[in-house]
$ cat upload_29.cif   # mmCIF, C-alpha atoms
data_coords
#
loop_
_atom_site.group_PDB
_atom_site.id
_atom_site.type_symbol
_atom_site.label_atom_id
_atom_site.label_comp_id
_atom_site.auth_asym_id
_atom_site.auth_seq_id
_atom_site.Cartn_x
_atom_site.Cartn_y
_atom_site.Cartn_z
ATOM 1 C CA MET F 541 22.075 28.808 39.860
ATOM 2 C CA ILE F 542 19.315 26.249 40.325
ATOM 3 C CA PRO F 543 16.558 26.610 37.702
ATOM 4 C CA LYS F 544 13.062 27.349 38.954
ATOM 5 C CA GLY F 545 10.324 24.761 38.785
ATOM 6 C CA SER F 546 8.549 26.681 36.030
ATOM 7 C CA ASP F 547 11.768 26.793 33.985
ATOM 8 C CA VAL F 548 12.251 23.044 34.385
ATOM 9 C CA MET F 549 8.703 22.397 33.177
ATOM 10 C CA PHE F 550 9.241 24.729 30.228
ATOM 11 C CA TYR F 551 12.433 22.975 29.115
ATOM 12 C CA PHE F 552 10.799 19.596 29.671
ATOM 13 C CA PHE F 553 7.889 20.669 27.466
ATOM 14 C CA ILE F 554 10.314 21.845 24.762
ATOM 15 C CA PHE F 555 12.149 18.524 24.984
ATOM 16 C CA LEU F 556 8.907 16.536 24.612
ATOM 17 C CA LEU F 557 7.858 18.731 21.711
ATOM 18 C CA PHE F 558 11.194 18.064 20.031
ATOM 19 C CA ILE F 559 10.875 14.293 20.546
ATOM 20 C CA PHE F 560 7.320 14.187 19.189
ATOM 21 C CA SER F 561 8.351 16.307 16.210
ATOM 22 C CA ILE F 562 11.118 13.834 15.390
ATOM 23 C CA LEU F 563 8.738 10.889 15.747
ATOM 24 C CA PHE F 564 6.242 12.508 13.402
ATOM 25 C CA LEU F 565 8.949 13.183 10.815
ATOM 26 C CA ILE F 566 10.395 9.655 10.800
ATOM 27 C CA PRO F 567 8.424 7.739 8.164
ATOM 28 C CA PHE F 568 6.814 4.346 8.458
ATOM 29 C CA LYS F 569 7.880 1.843 5.826
ATOM 30 C CA PHE F 570 5.218 -0.437 4.353
ATOM 31 C CA MET F 571 6.192 -3.473 2.311
ATOM 32 C CA ILE F 572 3.200 -5.170 0.680
ATOM 33 C CA TYR F 573 3.639 -8.429 -1.215
ATOM 34 C CA TYR F 574 0.939 -10.474 -2.910
ATOM 35 C CA GLU F 575 1.278 -13.645 -4.939
ATOM 36 C CA PHE F 576 -1.191 -15.827 -6.775
ATOM 37 C CA THR F 577 0.197 -19.027 -8.244
ATOM 38 C CA ASN F 578 -1.385 -22.239 -7.024
ATOM 39 C CA GLN F 579 -3.030 -20.304 -4.221
ATOM 40 C CA SER F 580 -3.434 -16.739 -3.007
ATOM 41 C CA LYS F 581 -1.062 -15.460 -0.327
ATOM 42 C CA TYR F 582 0.163 -12.114 0.938
ATOM 43 C CA ARG F 583 2.658 -10.602 3.324
ATOM 44 C CA ILE F 584 2.713 -7.116 4.861
ATOM 45 C CA ILE F 585 5.685 -5.771 6.817
ATOM 46 C CA ILE F 586 5.534 -2.426 8.639
ATOM 47 C CA THR F 587 8.733 -0.975 10.097
ATOM 48 C CA TYR F 588 9.347 2.205 12.101
ATOM 49 C CA LEU F 589 12.310 3.895 13.763
ATOM 50 C CA PHE F 590 14.722 2.393 11.236
ATOM 51 C CA GLY F 591 13.558 -1.143 11.914
ATOM 52 C CA LEU F 592 13.485 -0.994 15.731
ATOM 53 C CA ILE F 593 9.705 -1.416 15.600
ATOM 54 C CA LYS F 594 8.456 -4.079 13.209
ATOM 55 C CA LYS F 595 5.067 -5.656 12.576
ATOM 56 C CA GLU F 596 4.506 -8.475 10.095
ATOM 57 C CA VAL F 597 1.270 -9.969 8.768
ATOM 58 C CA ASP F 598 1.587 -13.204 6.815
ATOM 59 C CA SER F 599 -1.419 -14.931 5.262
ATOM 60 C CA THR F 600 0.234 -18.306 5.814
ATOM 61 C CA SER F 601 0.456 -17.690 9.571
ATOM 62 C CA LYS F 602 -1.900 -19.630 11.855
ATOM 63 C CA ASP F 603 -2.541 -16.425 13.816
ATOM 64 C CA ILE F 604 -4.458 -15.005 10.850
ATOM 65 C CA GLU F 605 -7.020 -17.802 10.946
ATOM 66 C CA GLN F 606 -7.339 -17.637 14.720
ATOM 67 C CA ASN F 607 -7.998 -13.893 14.685
ATOM 68 C CA LYS F 608 -10.837 -14.291 12.193
ATOM 69 C CA ASN F 609 -12.990 -16.112 14.754
ATOM 70 C CA GLY F 610 -15.155 -13.832 16.881
ATOM 71 C CA GLU F 611 -13.498 -10.570 15.816
ATOM 72 C CA ASP F 612 -15.408 -7.301 16.205
ATOM 73 C CA ASN F 613 -15.784 -5.373 12.932
ATOM 74 C CA SER F 614 -17.413 -2.304 14.475
ATOM 75 C CA SER F 615 -14.158 -0.330 14.734
ATOM 76 C CA LYS F 616 -12.576 -1.457 11.481
ATOM 77 C CA VAL F 617 -11.568 1.220 8.989
ATOM 78 C CA ASN F 618 -12.494 1.370 5.335
ATOM 79 C CA SER F 619 -9.470 -0.534 4.042
ATOM 80 C CA ILE F 620 -9.641 0.614 0.409
ATOM 81 C CA ASP F 621 -9.935 4.315 1.250
ATOM 82 C CA PHE F 622 -7.230 3.962 3.904
ATOM 83 C CA ILE F 623 -4.826 2.431 1.360
ATOM 84 C CA ARG F 624 -5.630 5.078 -1.258
ATOM 85 C CA TYR F 625 -4.936 7.895 1.216
ATOM 86 C CA ILE F 626 -1.660 6.333 2.378
ATOM 87 C CA ILE F 627 -0.510 5.962 -1.241
ATOM 88 C CA ASP F 628 -1.601 9.524 -2.012
ATOM 89 C CA LYS F 629 0.379 11.011 0.895
ATOM 90 C CA GLY F 630 3.275 8.559 0.904
ATOM 91 C CA ASP F 631 6.385 8.080 -1.176
ATOM 92 C CA ILE F 632 6.334 4.974 -3.379
ATOM 93 C CA ARG F 633 9.900 3.645 -3.378
ATOM 94 C CA LYS F 634 9.320 0.425 -5.307
ATOM 95 C CA LEU F 635 6.530 -0.950 -7.483
ATOM 96 C CA TYR F 636 6.672 -4.409 -9.018
ATOM 97 C CA PHE F 637 3.679 -5.926 -10.768
ATOM 98 C CA ARG F 638 3.779 -8.920 -13.064
ATOM 99 C CA ILE F 639 1.147 -11.176 -14.550
ATOM 100 C CA ASN F 640 2.018 -14.329 -16.452
ATOM 101 C CA ILE F 641 -0.933 -15.324 -18.619
ATOM 102 C CA GLY F 642 -0.979 -18.234 -21.030
ATOM 103 C CA PHE F 643 -3.385 -20.030 -23.355
ATOM 104 C CA LYS F 644 -2.803 -22.717 -25.921
ATOM 105 C CA ASP F 645 -4.980 -20.741 -28.346
ATOM 106 C CA PRO F 646 -2.894 -17.724 -29.592
ATOM 107 C CA SER F 647 -5.943 -15.646 -30.559
ATOM 108 C CA LEU F 648 -7.490 -16.137 -27.133
ATOM 109 C CA LEU F 649 -4.173 -15.205 -25.530
ATOM 110 C CA GLY F 650 -4.036 -11.923 -27.453
ATOM 111 C CA ILE F 651 -7.538 -10.964 -26.326
ATOM 112 C CA ALA F 652 -6.764 -11.931 -22.722
ATOM 113 C CA VAL F 653 -3.598 -9.807 -22.620
ATOM 114 C CA GLY F 654 -5.520 -6.763 -23.873
ATOM 115 C CA ILE F 655 -8.280 -7.221 -21.305
ATOM 116 C CA ILE F 656 -5.782 -7.700 -18.478
ATOM 117 C CA TRP F 657 -3.921 -4.518 -19.431
ATOM 118 C CA ALA F 658 -7.221 -2.617 -19.304
ATOM 119 C CA ILE F 659 -7.988 -4.024 -15.851
ATOM 120 C CA VAL F 660 -4.465 -3.313 -14.573
ATOM 121 C CA ASN F 661 -4.682 0.247 -15.880
ATOM 122 C CA GLY F 662 -7.985 0.784 -14.092
ATOM 123 C CA ILE F 663 -6.746 -0.625 -10.785
ATOM 124 C CA PHE F 664 -3.598 1.485 -10.706
ATOM 125 C CA ALA F 665 -5.455 4.601 -11.855
ATOM 126 C CA TYR F 666 -7.849 4.111 -8.932
ATOM 127 C CA PHE F 667 -5.220 3.636 -6.241
ATOM 128 C CA ILE F 668 -2.284 5.712 -7.504
ATOM 129 C CA ASN F 669 -4.190 8.933 -8.036
ATOM 130 C CA SER F 670 -1.431 11.460 -7.277
ATOM 131 C CA TYR F 671 1.500 9.854 -9.101
ATOM 132 C CA ASP F 672 2.841 9.944 -12.589
ATOM 133 C CA ILE F 673 3.953 6.350 -12.996
ATOM 134 C CA ASP F 674 7.205 7.561 -14.560
ATOM 135 C CA ASP F 675 8.135 9.324 -11.298
ATOM 136 C CA ILE F 676 8.483 5.979 -9.506
ATOM 137 C CA GLY F 677 12.143 5.198 -10.120
ATOM 138 C CA ASP F 678 12.182 1.525 -9.142
ATOM 139 C CA ARG F 679 9.243 0.085 -11.041
ATOM 140 C CA ASP F 680 8.499 -2.914 -13.211
ATOM 141 C CA ILE F 681 4.983 -3.444 -14.568
ATOM 142 C CA GLN F 682 4.471 -6.268 -17.030
ATOM 143 C CA VAL F 683 1.846 -8.559 -18.494
ATOM 144 C CA ILE F 684 3.743 -11.497 -19.970
ATOM 145 C CA PRO F 685 2.033 -13.684 -22.608
ATOM 146 C CA ILE F 686 2.978 -17.359 -22.445
ATOM 147 C CA PHE F 687 2.236 -19.467 -25.497
ATOM 148 C CA ASP F 688 1.256 -23.145 -25.648
ATOM 149 C CA ASP F 689 0.337 -23.358 -21.961
ATOM 150 C CA ASP F 690 -2.717 -22.611 -19.815
ATOM 151 C CA ILE F 691 -1.394 -20.596 -16.895
ATOM 152 C CA PHE F 692 -2.166 -17.581 -14.725
ATOM 153 C CA GLN F 693 0.249 -16.149 -12.156
ATOM 154 C CA LEU F 694 0.295 -12.772 -10.422
ATOM 155 C CA PHE F 695 3.101 -11.150 -8.416
ATOM 156 C CA PHE F 696 2.892 -7.754 -6.698
ATOM 157 C CA LEU F 697 5.370 -5.884 -4.499
ATOM 158 C CA CYS F 698 5.064 -2.302 -3.291
ATOM 159 C CA ILE F 699 7.242 -0.395 -0.811
ATOM 160 C CA ILE F 700 5.865 2.891 0.530
ATOM 161 C CA LYS F 701 7.229 5.356 3.072
ATOM 162 C CA VAL F 702 4.716 7.613 4.816
ATOM 163 C CA ASN F 703 4.882 9.929 7.824
ATOM 164 C CA LEU F 704 3.036 9.098 11.034
ATOM 165 C CA VAL F 705 0.795 12.164 10.845
ATOM 166 C CA TYR F 706 -0.703 10.931 7.563
ATOM 167 C CA ILE F 707 -1.331 7.469 8.993
ATOM 168 C CA ILE F 708 -3.223 8.958 11.929
ATOM 169 C CA THR F 709 -5.177 11.254 9.604
ATOM 170 C CA ALA F 710 -6.011 8.369 7.263
ATOM 171 C CA TYR F 711 -7.229 6.229 10.157
ATOM 172 C CA ILE F 712 -9.479 8.971 11.557
ATOM 173 C CA ARG F 713 -10.928 9.856 8.163
ATOM 174 C CA SER F 714 -11.509 6.212 7.297
ATOM 175 C CA LEU F 715 -13.463 5.737 10.526
ATOM 176 C CA LYS F 716 -15.614 8.727 9.615
ATOM 177 C CA ILE F 717 -16.213 7.315 6.139
ATOM 178 C CA LYS F 718 -17.262 3.991 7.664
ATOM 179 C CA LYS F 719 -20.040 5.850 9.459
ATOM 180 C CA GLY F 720 -21.009 7.634 6.244
ATOM 181 C CA GLY F 721 -19.340 10.161 3.948
ATOM 182 C CA ASP F 722 -17.340 10.717 0.813
ATOM 183 C CA SER F 723 -14.179 8.965 -0.269
ATOM 184 C CA ILE F 724 -10.944 10.441 1.077
ATOM 185 C CA ALA F 725 -9.062 10.082 -2.193
ATOM 186 C CA GLY F 726 -9.835 11.402 -5.640
ATOM 187 C CA THR F 727 -9.832 9.665 -8.962
ATOM 188 C CA SER F 728 -7.390 9.763 -11.814
ATOM 189 C CA ASN F 729 -7.442 9.165 -15.541
ATOM 190 C CA ARG F 730 -3.733 8.437 -15.730
ATOM 191 C CA ARG F 731 -2.736 5.419 -17.800
ATOM 192 C CA ILE F 732 0.023 3.137 -16.573
ATOM 193 C CA ASN F 733 0.516 0.944 -19.607
ATOM 194 C CA GLU F 734 1.686 3.599 -22.045
ATOM 195 C CA ASN F 735 5.301 2.607 -21.579
ATOM 196 C CA TYR F 736 4.811 -1.025 -20.597
ATOM 197 C CA ASN F 737 2.307 -2.350 -23.091
ATOM 198 C CA GLU F 738 3.509 -5.376 -24.960
#
$ encode --input "upload_29.cif" --output "structure tokens"
Amino acid sequence: MIPKGSDVMFYFFIFLLFIFSILFLIPFKFMIYYEFTNQSKYRIIITYLFGLIKKEVDSTSKDIEQNKNGEDNSSKVNSIDFIRYIIDKGDIRKLYFRINIGFKDPSLLGIAVGIIWAIVNGIFAYFINSYDIDDIGDRDIQVIPIFDDDIFQLFFLCIIKVNLVYIITAYIRSLKIKKGGDSIAGTSNRRINENYNE
């Protein structure tokens, strides 16, 4: 029996609905790396469909500098609110944050370490507003004092998985905020250095 045209369209619609449902359920994977040693540099890798689709942004790439010239900022999203929403709705798989700070004066080093911990706590409390830091299994957050040397180094790595629907929602809401409105993510008073303070 040959199916009717209406039946074919119905099954085709069901098939498309199934495909789109799968695509919405497969998460994007964000890998964000930042390093400050002699200079500031970052790298962002976004993968989808188990690595079949991959986009990489590297601050050392010449394309970054070329794209800065003559770019239109009218359609850009609010980057900070976008990141906060993605973190809020995503699943943080890995969090690595390390600062090496050194002074030849020990008393100055002690003060600097305390101030840096306060700043680090504030930054993470602002961005990670829906997480208990202990729930992130693969994590390493440290402020390392280095004696008898003047040095400052920062290393950051974060891997987040988030579903496509949240990315679309975050983009739309960030565009609305750019035109005027409230922040899309709340605040938190959670401390991150309770278990990592030196």
$ residues_around --input "upload_29.cif" --residues "range 569-571 of chain F" --least-positions-apart "3" --cutoff "7 Å" --atoms "all atoms listed in the file" --output "PyMOL selection string"
chain F and resi 584-588+698-702
$ closest_residue --input "upload_29.cif" --among "F:Leu563, F:Lys594, F:Phe692, F:Pro685" --to "Ser647 in chain F" --atoms "all atoms listed in the file"
F:Pro685
$ closest_residue --input "upload_29.cif" --among "F:Ile632, F:Ile623, F:Ala665, F:Ile641" --to "Phe687 in chain F" --atoms "all atoms listed in the file"
F:Ile641
$ residues_around --input "upload_29.cif" --residues "Phe667 in chain F" --least-positions-apart "3" --cutoff "7 Å" --atoms "all atoms listed in the file" --output "NGL selection string"
:F and (624 or 663-664)
$ atom_distance --input "upload_29.cif" --atom1 "CA of Asp680 in chain F" --atom2 "CA of Lys595 in chain F"
26.2 Å
$ axis_aligned_box --input "upload_29.cif" --around "range 642-651 of chain F" --padding-each-side "6 Å" --output "lines of an AutoDock Vina configuration file"
center_x = -4.3
center_y = -16.8
center_z = -25.8
size_x = 18.6
size_y = 23.8
size_z = 21.5
$ resolve_selection --input "upload_29.cif" --expression "the PyMOL selection byres ((chain F and resi 710) around 9)" --output "PyMOL selection string"
chain F and resi 621-623+625-626+705-709+711-715+724
